[in-house]
Amino acid sequence: MKSKIILIGILLFTSTFLQAQIRIDGTFPFQTDTAKQYSLFIPSGYNASIPHRVMLALHPLNISVWNSISWCDTLRDFAESNNLILVCPDGGVDGMIDDPIDTAFTSALLDSVQAWYNIDLQKIYVMGFSWGGKTTYTYGLSHAWRFGGFIPIGAAVNGTTEVTGIIQNAAGKPFYLVHGESDSPGTRFYPVRTALINNGAIEKDTLMPGIAHTINFPNRNQILSAAYQWIDSVNCANLSIGINPYSKTPVVFSIFPSVIKDGVYFTLEINISEQASYQFKIFDASSKLMETKSFSFQKGLNQVKYIPAGFKTGTYFVVLKNEKGLTGIEKIIIE
């Protein structure tokens with residue numbers, strides 16, 4: 001019942017401004033905060049008749065500089081150039097965007113945005129800088145079913161501490177890491193990058209030479225645009241039956257048939273240049289791990305028949321990873 005009250009409050013606020021403005025800064029009561037703040041940016045290309053992409057943007061920790069308003073200002077040009085609805089929740093008086101009240105508010109705000117606008121629910125993305133980059137991991141991976149891709153920027157993480165217990169939810173999800181070479185990459189970049197790859201994420205990154213901990217790096221909007229366009233291009237929502245858009249990834253394999261009934265096998269086929277061991281995982285559409293197996297493939301053409309017995313009707317993702325951590329992904333549908 002509380003979420004319905006929140007939603008009505010937001011709709012009453014935005015209905016006054018929706019047609020006149022593309023920038024909305026507002027507040028509404030949420031839990032213990034009588035005026036929880038948020039900012040939205042609606043790009044000029046928004047068309048209410050077409051499902052639209054959304055970027056959840058999480059601000060860094062420094063209350064003298066950052067809140068939802070200043071963060072929305074920073075990313076406004078990026079959102080406009082990529083025709084993205086920008087959703088910026090506020091971290092409150094302490095600036096920490098990952099407090100329980102803030103993560104609950106973020107979920108409520110996303111739910112409400114989906115009610116106000118025509119949203120493509122499979123193409124909601126999340127990004128953040130510094131503390132917001134850390135929260136891109138923690139909130140994002142805890143709600144992996146919501147997001148089609150992730151852009152952590154200069155994430156203020158301590159190795160893999162923050163992602164323990166949730167890193168497995170990265171499987172089959174695109175992550176584009178943006179980080180400065182002078183921003184403690186030994187603790188803030190390389191460990192979590194390796195963990196993502198080892199857990200089946202589709203990973204790409206830019207480690208910027210000479211850049212420390214800042215969002216004001218050269219060519220910021222171009223770099224962020226390239227990151228967004230990449231995660232959007234490899235979002236699993238873009239998969240078509242029988243087509244593998246990940247053909248540029250190091251592991252290339254095929255599955256046929258890609259539509260099967262429960263208890264009926266599919267064939268995994270892979271052609272490799274040398275003998276190697278592979279890990280085989282199946283995830284459901286919410287990124288829940290359903291099955292794990294290991295195979296040793298010989299040089300040349302290999303075929304494996306597999307029966308996903310006991311699976312419910314739905315969409316599943318098959319992730320194949322070799323000993324070097326290189327990953328590929330395909331989709332199956334169980335009728």
# chains A, B, ... in the order shown; residues from 1 in each chain; ligands from 1

$ select_by_dssp --residues "segment 50-134 of chain A" --states "strand (DSSP E)" --output "ChimeraX atom specification"
/A:52-58,85-89,119-129

$ select_by_dssp --residues "segment 25-171 of chain A" --states "alpha helix (DSSP H)" --output "PyMOL selection string"
chain A and resi 68-81+100-116+131-142

$ write_last_selection --atoms "N, CA and C atoms" --output "compact mmCIF listing (two decimals), in the first residue's frame"
# COMPACT_ATOMS: atom_id res chain seq x y z
N SER A 68 21.52 14.66 -6.07
CA SER A 68 20.84 14.23 -7.29
C SER A 68 20.83 15.33 -8.35
N ILE A 69 20.72 16.58 -7.93
CA ILE A 69 20.64 17.70 -8.87
C ILE A 69 21.96 17.91 -9.59
N SER A 70 23.06 18.02 -8.83
CA SER A 70 24.36 18.27 -9.46
C SER A 70 24.80 17.09 -10.32
N TRP A 71 24.43 15.86 -9.90
CA TRP A 71 24.80 14.68 -10.68
C TRP A 71 24.01 14.62 -11.99
N CYS A 72 22.74 14.98 -11.92
CA CYS A 72 21.93 15.04 -13.12
C CYS A 72 22.47 16.10 -14.08
N ASP A 73 22.91 17.24 -13.54
CA ASP A 73 23.53 18.29 -14.37
C ASP A 73 24.78 17.76 -15.07
N THR A 74 25.59 16.99 -14.34
CA THR A 74 26.84 16.47 -14.89
C THR A 74 26.60 15.54 -16.07
N LEU A 75 25.54 14.74 -16.00
CA LEU A 75 25.30 13.71 -17.00
C LEU A 75 24.24 14.10 -18.03
N ARG A 76 23.76 15.31 -17.94
CA ARG A 76 22.66 15.75 -18.81
C ARG A 76 23.02 15.66 -20.29
N ASP A 77 24.18 16.17 -20.68
CA ASP A 77 24.58 16.14 -22.09
C ASP A 77 24.77 14.71 -22.58
N PHE A 78 25.36 13.88 -21.72
CA PHE A 78 25.52 12.46 -22.05
C PHE A 78 24.17 11.81 -22.32
N ALA A 79 23.18 12.09 -21.45
CA ALA A 79 21.86 11.50 -21.61
C ALA A 79 21.16 12.01 -22.87
N GLU A 80 21.28 13.30 -23.12
CA GLU A 80 20.65 13.87 -24.31
C GLU A 80 21.24 13.28 -25.60
N SER A 81 22.56 13.17 -25.66
CA SER A 81 23.20 12.68 -26.88
C SER A 81 22.89 11.21 -27.15
N PRO A 100 20.15 1.74 3.39
CA PRO A 100 18.91 1.00 3.12
C PRO A 100 17.76 1.87 2.66
N ILE A 101 17.60 3.06 3.25
CA ILE A 101 16.51 3.94 2.81
C ILE A 101 16.74 4.39 1.37
N ASP A 102 18.01 4.58 0.99
CA ASP A 102 18.32 5.06 -0.35
C ASP A 102 18.12 3.99 -1.41
N THR A 103 18.50 2.75 -1.11
CA THR A 103 18.29 1.69 -2.10
C THR A 103 16.80 1.37 -2.25
N ALA A 104 16.06 1.43 -1.13
CA ALA A 104 14.61 1.23 -1.22
C ALA A 104 13.96 2.36 -2.02
N PHE A 105 14.44 3.58 -1.80
CA PHE A 105 13.93 4.74 -2.55
C PHE A 105 14.25 4.60 -4.04
N THR A 106 15.46 4.14 -4.35
CA THR A 106 15.85 3.94 -5.74
C THR A 106 14.90 2.97 -6.43
N SER A 107 14.56 1.88 -5.76
CA SER A 107 13.64 0.91 -6.35
C SER A 107 12.26 1.54 -6.56
N ALA A 108 11.78 2.29 -5.57
CA ALA A 108 10.47 2.93 -5.70
C ALA A 108 10.47 3.96 -6.83
N LEU A 109 11.57 4.68 -6.97
CA LEU A 109 11.67 5.69 -8.02
C LEU A 109 11.67 5.03 -9.40
N LEU A 110 12.41 3.93 -9.55
CA LEU A 110 12.41 3.21 -10.82
C LEU A 110 11.02 2.68 -11.15
N ASP A 111 10.36 2.13 -10.14
CA ASP A 111 9.00 1.63 -10.35
C ASP A 111 8.08 2.75 -10.83
N SER A 112 8.23 3.92 -10.24
CA SER A 112 7.38 5.05 -10.59
C SER A 112 7.67 5.57 -11.99
N VAL A 113 8.96 5.66 -12.35
CA VAL A 113 9.33 6.10 -13.70
C VAL A 113 8.71 5.19 -14.75
N GLN A 114 8.65 3.90 -14.44
CA GLN A 114 8.04 2.94 -15.37
C GLN A 114 6.55 3.20 -15.53
N ALA A 115 5.93 3.83 -14.52
CA ALA A 115 4.50 4.16 -14.62
C ALA A 115 4.28 5.48 -15.36
N TRP A 116 5.22 6.41 -15.24
CA TRP A 116 5.04 7.72 -15.87
C TRP A 116 5.30 7.70 -17.36
N TRP A 131 31.51 6.43 -4.95
CA TRP A 131 30.57 5.69 -4.10
C TRP A 131 29.39 5.19 -4.93
N GLY A 132 28.99 6.00 -5.88
CA GLY A 132 27.95 5.57 -6.80
C GLY A 132 28.39 4.43 -7.68
N GLY A 133 29.70 4.36 -8.01
CA GLY A 133 30.22 3.22 -8.75
C GLY A 133 30.19 1.96 -7.92
N LYS A 134 30.54 2.10 -6.64
CA LYS A 134 30.43 0.95 -5.73
C LYS A 134 28.98 0.48 -5.65
N THR A 135 28.05 1.43 -5.56
CA THR A 135 26.64 1.08 -5.45
C THR A 135 26.11 0.50 -6.76
N THR A 136 26.73 0.86 -7.88
CA THR A 136 26.39 0.21 -9.15
C THR A 136 26.61 -1.28 -9.05
N TYR A 137 27.67 -1.68 -8.33
CA TYR A 137 27.92 -3.10 -8.09
C TYR A 137 26.93 -3.66 -7.04
N THR A 138 26.86 -3.02 -5.88
CA THR A 138 26.12 -3.62 -4.77
C THR A 138 24.61 -3.61 -5.01
N TYR A 139 24.05 -2.46 -5.34
CA TYR A 139 22.62 -2.40 -5.64
C TYR A 139 22.32 -3.10 -6.96
N GLY A 140 23.18 -2.85 -7.97
CA GLY A 140 22.94 -3.42 -9.28
C GLY A 140 22.93 -4.94 -9.27
N LEU A 141 23.92 -5.54 -8.63
CA LEU A 141 23.99 -7.00 -8.60
C LEU A 141 22.94 -7.60 -7.68
N SER A 142 22.52 -6.87 -6.67
CA SER A 142 21.44 -7.35 -5.80
C SER A 142 20.08 -7.28 -6.48

$ residues_around --residues "Cys88 of chain A" --least-positions-apart "5" --cutoff "7 Å" --atoms "only C-alpha atoms" --output "list in words"
Tyr38, Ser39, Leu40, Leu56, Ala57, Leu58, Ser68 and Cys72 of chain A

$ atom_distance --atom1 "atom CA of Tyr176 of chain A" --atom2 "atom CA of Ser44 of chain A"
25.9 Å

$ closest_residue --among "A:Asn322, A:Thr27, A:Gln303, A:Thr313" --to "Glu274 of chain A" --atoms "only C-alpha atoms"
A:Asn322

$ atom_distance --atom1 "atom CA of Ala35 of chain A" --atom2 "atom CA of Asn67 of chain A"
13.7 Å

$ residues_around --residues "segment 156-170 of chain A" --least-positions-apart "6" --cutoff "6 Å" --atoms "only C-alpha atoms" --output "list in words"
Ser130, Trp131, Lys134, Leu141, Thr187, Arg188, Pro191, Val192, Asn199, Ala201 and Ser287 of chain A

$ atom_distance --atom1 "atom CA of Leu207 of chain A" --atom2 "atom CA of Val251 of chain A"
23.2 Å

$ residues_around --residues "Phe175 of chain A" --least-positions-apart "3" --cutoff "10 Å" --atoms "only C-alpha atoms" --output "CSV table (one decimal) with all heavy atoms, in the first residue's frame"
chain,number,residue,atom,x,y,z
A,126,VAL,N,22.4,0.9,-15.4
A,126,VAL,CA,22.8,1.6,-14.2
A,126,VAL,C,24.3,2.0,-14.3
A,126,VAL,O,25.1,1.2,-14.8
A,126,VAL,CB,22.5,0.7,-12.9
A,126,VAL,CG1,23.2,-0.7,-13.0
A,126,VAL,CG2,23.0,1.4,-11.7
A,127,MET,N,24.6,3.2,-13.8
A,127,MET,CA,25.9,3.7,-13.8
A,127,MET,C,26.1,4.5,-12.6
A,127,MET,O,25.2,4.9,-11.9
A,127,MET,CB,26.2,4.6,-15.1
A,127,MET,CG,25.4,5.9,-15.1
A,127,MET,SD,25.5,6.8,-16.6
A,127,MET,CE,27.3,7.0,-16.8
A,137,TYR,N,27.7,-1.7,-8.3
A,137,TYR,CA,27.9,-3.1,-8.1
A,137,TYR,C,26.9,-3.7,-7.0
A,137,TYR,O,26.3,-4.7,-7.3
A,137,TYR,CB,29.3,-3.3,-7.6
A,137,TYR,CG,30.4,-3.2,-8.6
A,137,TYR,CD1,31.5,-2.3,-8.4
A,137,TYR,CD2,30.4,-4.0,-9.8
A,137,TYR,CE1,32.5,-2.2,-9.4
A,137,TYR,CE2,31.4,-3.9,-10.7
A,137,TYR,CZ,32.5,-3.0,-10.5
A,137,TYR,OH,33.5,-2.9,-11.4
A,148,GLY,N,19.9,-4.2,-17.7
A,148,GLY,CA,20.4,-4.9,-18.9
A,148,GLY,C,21.9,-4.6,-19.1
A,148,GLY,O,22.5,-5.2,-19.9
A,149,GLY,N,22.5,-3.8,-18.2
A,149,GLY,CA,24.0,-3.5,-18.3
A,149,GLY,C,24.4,-2.6,-17.2
A,149,GLY,O,23.6,-1.9,-16.6
A,150,PHE,N,25.7,-2.5,-17.0
A,150,PHE,CA,26.3,-1.8,-15.8
A,150,PHE,C,27.5,-1.0,-16.3
A,150,PHE,O,28.4,-1.5,-17.0
A,150,PHE,CB,26.7,-2.8,-14.7
A,150,PHE,CG,25.6,-3.7,-14.3
A,150,PHE,CD1,25.2,-4.8,-15.1
A,150,PHE,CD2,25.0,-3.6,-13.0
A,150,PHE,CE1,24.2,-5.7,-14.7
A,150,PHE,CE2,24.0,-4.4,-12.6
A,150,PHE,CZ,23.6,-5.5,-13.4
A,151,ILE,N,27.6,0.2,-15.8
A,151,ILE,CA,28.8,1.1,-16.0
A,151,ILE,C,29.4,1.6,-14.7
A,151,ILE,O,29.0,2.7,-14.3
A,151,ILE,CB,28.5,2.2,-17.0
A,151,ILE,CG1,27.9,1.7,-18.3
A,151,ILE,CG2,29.8,3.0,-17.3
A,151,ILE,CD1,27.5,2.9,-19.2
A,152,PRO,N,30.2,0.9,-14.0
A,152,PRO,CA,30.9,1.4,-12.8
A,152,PRO,C,32.0,2.4,-13.3
A,152,PRO,O,32.9,2.0,-14.1
A,152,PRO,CB,31.4,0.2,-12.1
A,152,PRO,CG,30.9,-1.0,-12.9
A,152,PRO,CD,30.6,-0.5,-14.2
A,170,ALA,N,26.3,-11.6,-11.9
A,170,ALA,CA,26.9,-10.9,-13.0
A,170,ALA,C,26.8,-11.8,-14.3
A,170,ALA,O,27.1,-11.3,-15.4
A,170,ALA,CB,28.3,-10.5,-12.7
A,172,GLY,N,26.3,-13.4,-17.6
A,172,GLY,CA,25.5,-13.1,-18.8
A,172,GLY,C,25.2,-11.6,-18.9
A,172,GLY,O,24.5,-11.2,-19.8
A,178,VAL,N,34.9,1.8,-16.3
A,178,VAL,CA,35.7,3.0,-16.6
A,178,VAL,C,36.5,3.4,-15.4
A,178,VAL,O,35.9,3.6,-14.3
A,178,VAL,CB,34.8,4.1,-17.1
A,178,VAL,CG1,35.6,5.4,-17.4
A,178,VAL,CG2,33.9,3.7,-18.3
A,193,ARG,N,37.3,-6.8,-11.6
A,193,ARG,CA,37.2,-7.1,-13.1
A,193,ARG,C,37.4,-8.6,-13.2
A,193,ARG,O,36.7,-9.3,-14.0
A,193,ARG,CB,38.3,-6.3,-13.8
A,193,ARG,CG,38.5,-6.7,-15.3
A,193,ARG,CD,39.6,-5.9,-15.9
A,193,ARG,NE,39.8,-6.2,-17.3
A,193,ARG,CZ,40.6,-7.2,-17.7
A,193,ARG,NH1,41.3,-7.9,-16.8
A,193,ARG,NH2,40.8,-7.4,-19.0
A,196,LEU,N,34.4,-10.5,-12.1
A,196,LEU,CA,33.3,-10.5,-13.1
A,196,LEU,C,33.5,-11.5,-14.2
A,196,LEU,O,32.6,-12.2,-14.5
A,196,LEU,CB,33.2,-9.1,-13.6
A,196,LEU,CG,32.6,-8.0,-12.7
A,196,LEU,CD1,32.9,-6.6,-13.3
A,196,LEU,CD2,31.1,-8.2,-12.4
A,197,ILE,N,34.7,-11.5,-14.7
A,197,ILE,CA,35.0,-12.4,-15.8
A,197,ILE,C,34.8,-13.9,-15.4
A,197,ILE,O,34.3,-14.7,-16.0
A,197,ILE,CB,36.4,-12.2,-16.3
A,197,ILE,CG1,36.5,-10.8,-17.0
A,197,ILE,CG2,36.8,-13.3,-17.3
A,197,ILE,CD1,37.9,-10.3,-17.4
A,201,ALA,N,30.4,-12.8,-16.5
A,201,ALA,CA,30.0,-11.5,-17.0
A,201,ALA,C,30.6,-11.3,-18.4
A,201,ALA,O,31.6,-11.8,-18.7
A,201,ALA,CB,30.4,-10.3,-16.1
A,202,ILE,N,29.9,-10.4,-19.2
A,202,ILE,CA,30.4,-10.0,-20.5
A,202,ILE,C,31.1,-8.7,-20.2
A,202,ILE,O,30.5,-7.7,-19.9
A,202,ILE,CB,29.3,-9.9,-21.5
A,202,ILE,CG1,28.5,-11.1,-21.6
A,202,ILE,CG2,29.9,-9.5,-22.9
A,202,ILE,CD1,27.2,-11.0,-22.3
A,203,GLU,N,32.5,-8.7,-20.1
A,203,GLU,CA,33.2,-7.6,-19.6
A,203,GLU,C,34.0,-6.8,-20.7
A,203,GLU,O,34.6,-7.4,-21.5
A,203,GLU,CB,34.1,-8.0,-18.5
A,203,GLU,CG,34.7,-6.9,-17.6
A,203,GLU,CD,36.0,-6.3,-18.2
A,203,GLU,OE1,36.6,-7.0,-19.1
A,203,GLU,OE2,36.4,-5.2,-17.8
A,204,LYS,N,34.0,-5.5,-20.6
A,204,LYS,CA,34.8,-4.6,-21.4
A,204,LYS,C,35.2,-3.5,-20.5
A,204,LYS,O,34.5,-3.1,-19.5
A,204,LYS,CB,34.1,-4.1,-22.6
A,204,LYS,CG,35.0,-3.4,-23.6
A,204,LYS,CD,34.1,-3.1,-24.9
A,204,LYS,CE,34.9,-2.3,-25.9
A,204,LYS,NZ,36.0,-3.1,-26.5
A,205,ASP,N,36.4,-2.8,-20.7
A,205,ASP,CA,36.8,-1.8,-19.8
A,205,ASP,C,37.7,-0.8,-20.5
A,205,ASP,O,38.3,-1.0,-21.6
A,205,ASP,CB,37.5,-2.3,-18.6
A,205,ASP,CG,38.7,-3.3,-19.0
A,205,ASP,OD1,39.7,-2.8,-19.4
A,205,ASP,OD2,38.5,-4.5,-18.9
A,227,ALA,N,30.8,3.5,-23.7
A,227,ALA,CA,30.5,2.5,-22.7
A,227,ALA,C,29.0,2.1,-22.8
A,227,ALA,O,28.6,0.9,-22.8
A,227,ALA,CB,30.8,2.9,-21.3
A,228,TYR,N,28.1,3.1,-22.8
A,228,TYR,CA,26.7,2.9,-22.8
A,228,TYR,C,26.3,2.1,-24.1
A,228,TYR,O,25.6,1.1,-24.1
A,228,TYR,CB,25.9,4.2,-22.8
A,228,TYR,CG,24.5,4.0,-23.4
A,228,TYR,CD1,23.6,3.2,-22.8
A,228,TYR,CD2,24.2,4.6,-24.6
A,228,TYR,CE1,22.3,3.0,-23.4
A,228,TYR,CE2,23.0,4.4,-25.2
A,228,TYR,CZ,22.1,3.6,-24.6
A,228,TYR,OH,20.8,3.4,-25.2
A,230,TRP,N,28.1,0.2,-25.9
A,230,TRP,CA,28.5,-1.2,-25.9
A,230,TRP,C,27.6,-2.0,-25.1
A,230,TRP,O,27.2,-3.1,-25.5
A,230,TRP,CB,30.0,-1.2,-25.4
A,230,TRP,CG,30.5,-2.6,-25.4
A,230,TRP,CD1,31.0,-3.3,-26.5
A,230,TRP,CD2,30.5,-3.6,-24.3
A,230,TRP,NE1,31.3,-4.6,-26.1
A,230,TRP,CE2,31.0,-4.8,-24.8
A,230,TRP,CE3,30.1,-3.5,-23.0
A,230,TRP,CZ2,31.2,-5.9,-23.9
A,230,TRP,CZ3,30.3,-4.6,-22.1
A,230,TRP,CH2,30.8,-5.8,-22.6
A,231,ILE,N,27.3,-1.6,-23.8
A,231,ILE,CA,26.4,-2.5,-23.0
A,231,ILE,C,25.0,-2.6,-23.7
A,231,ILE,O,24.4,-3.7,-23.6
A,231,ILE,CB,26.3,-2.0,-21.5
A,231,ILE,CG1,25.7,-0.6,-21.5
A,231,ILE,CG2,27.6,-2.0,-20.8
A,231,ILE,CD1,25.3,-0.2,-20.0
A,234,VAL,N,25.2,-5.3,-26.4
A,234,VAL,CA,25.4,-6.7,-26.0
A,234,VAL,C,24.4,-7.1,-24.9
A,234,VAL,O,24.5,-8.2,-24.4
A,234,VAL,CB,26.8,-7.1,-25.6
A,234,VAL,CG1,27.8,-6.9,-26.7
A,234,VAL,CG2,27.2,-6.3,-24.4
A,235,ASN,N,23.4,-6.3,-24.6
A,235,ASN,CA,22.4,-6.6,-23.7
A,235,ASN,C,21.7,-7.9,-24.2
A,235,ASN,O,21.3,-8.0,-25.3
A,235,ASN,CB,21.4,-5.4,-23.7
A,235,ASN,CG,20.2,-5.7,-22.7
A,235,ASN,OD1,20.1,-6.7,-22.2
A,235,ASN,ND2,19.4,-4.6,-22.6

$ closest_residue --among "A:Asn47, A:Asn118, A:Gln298, A:Thr327" --to "Phe253 of chain A" --atoms "only C-alpha atoms"
A:Thr327
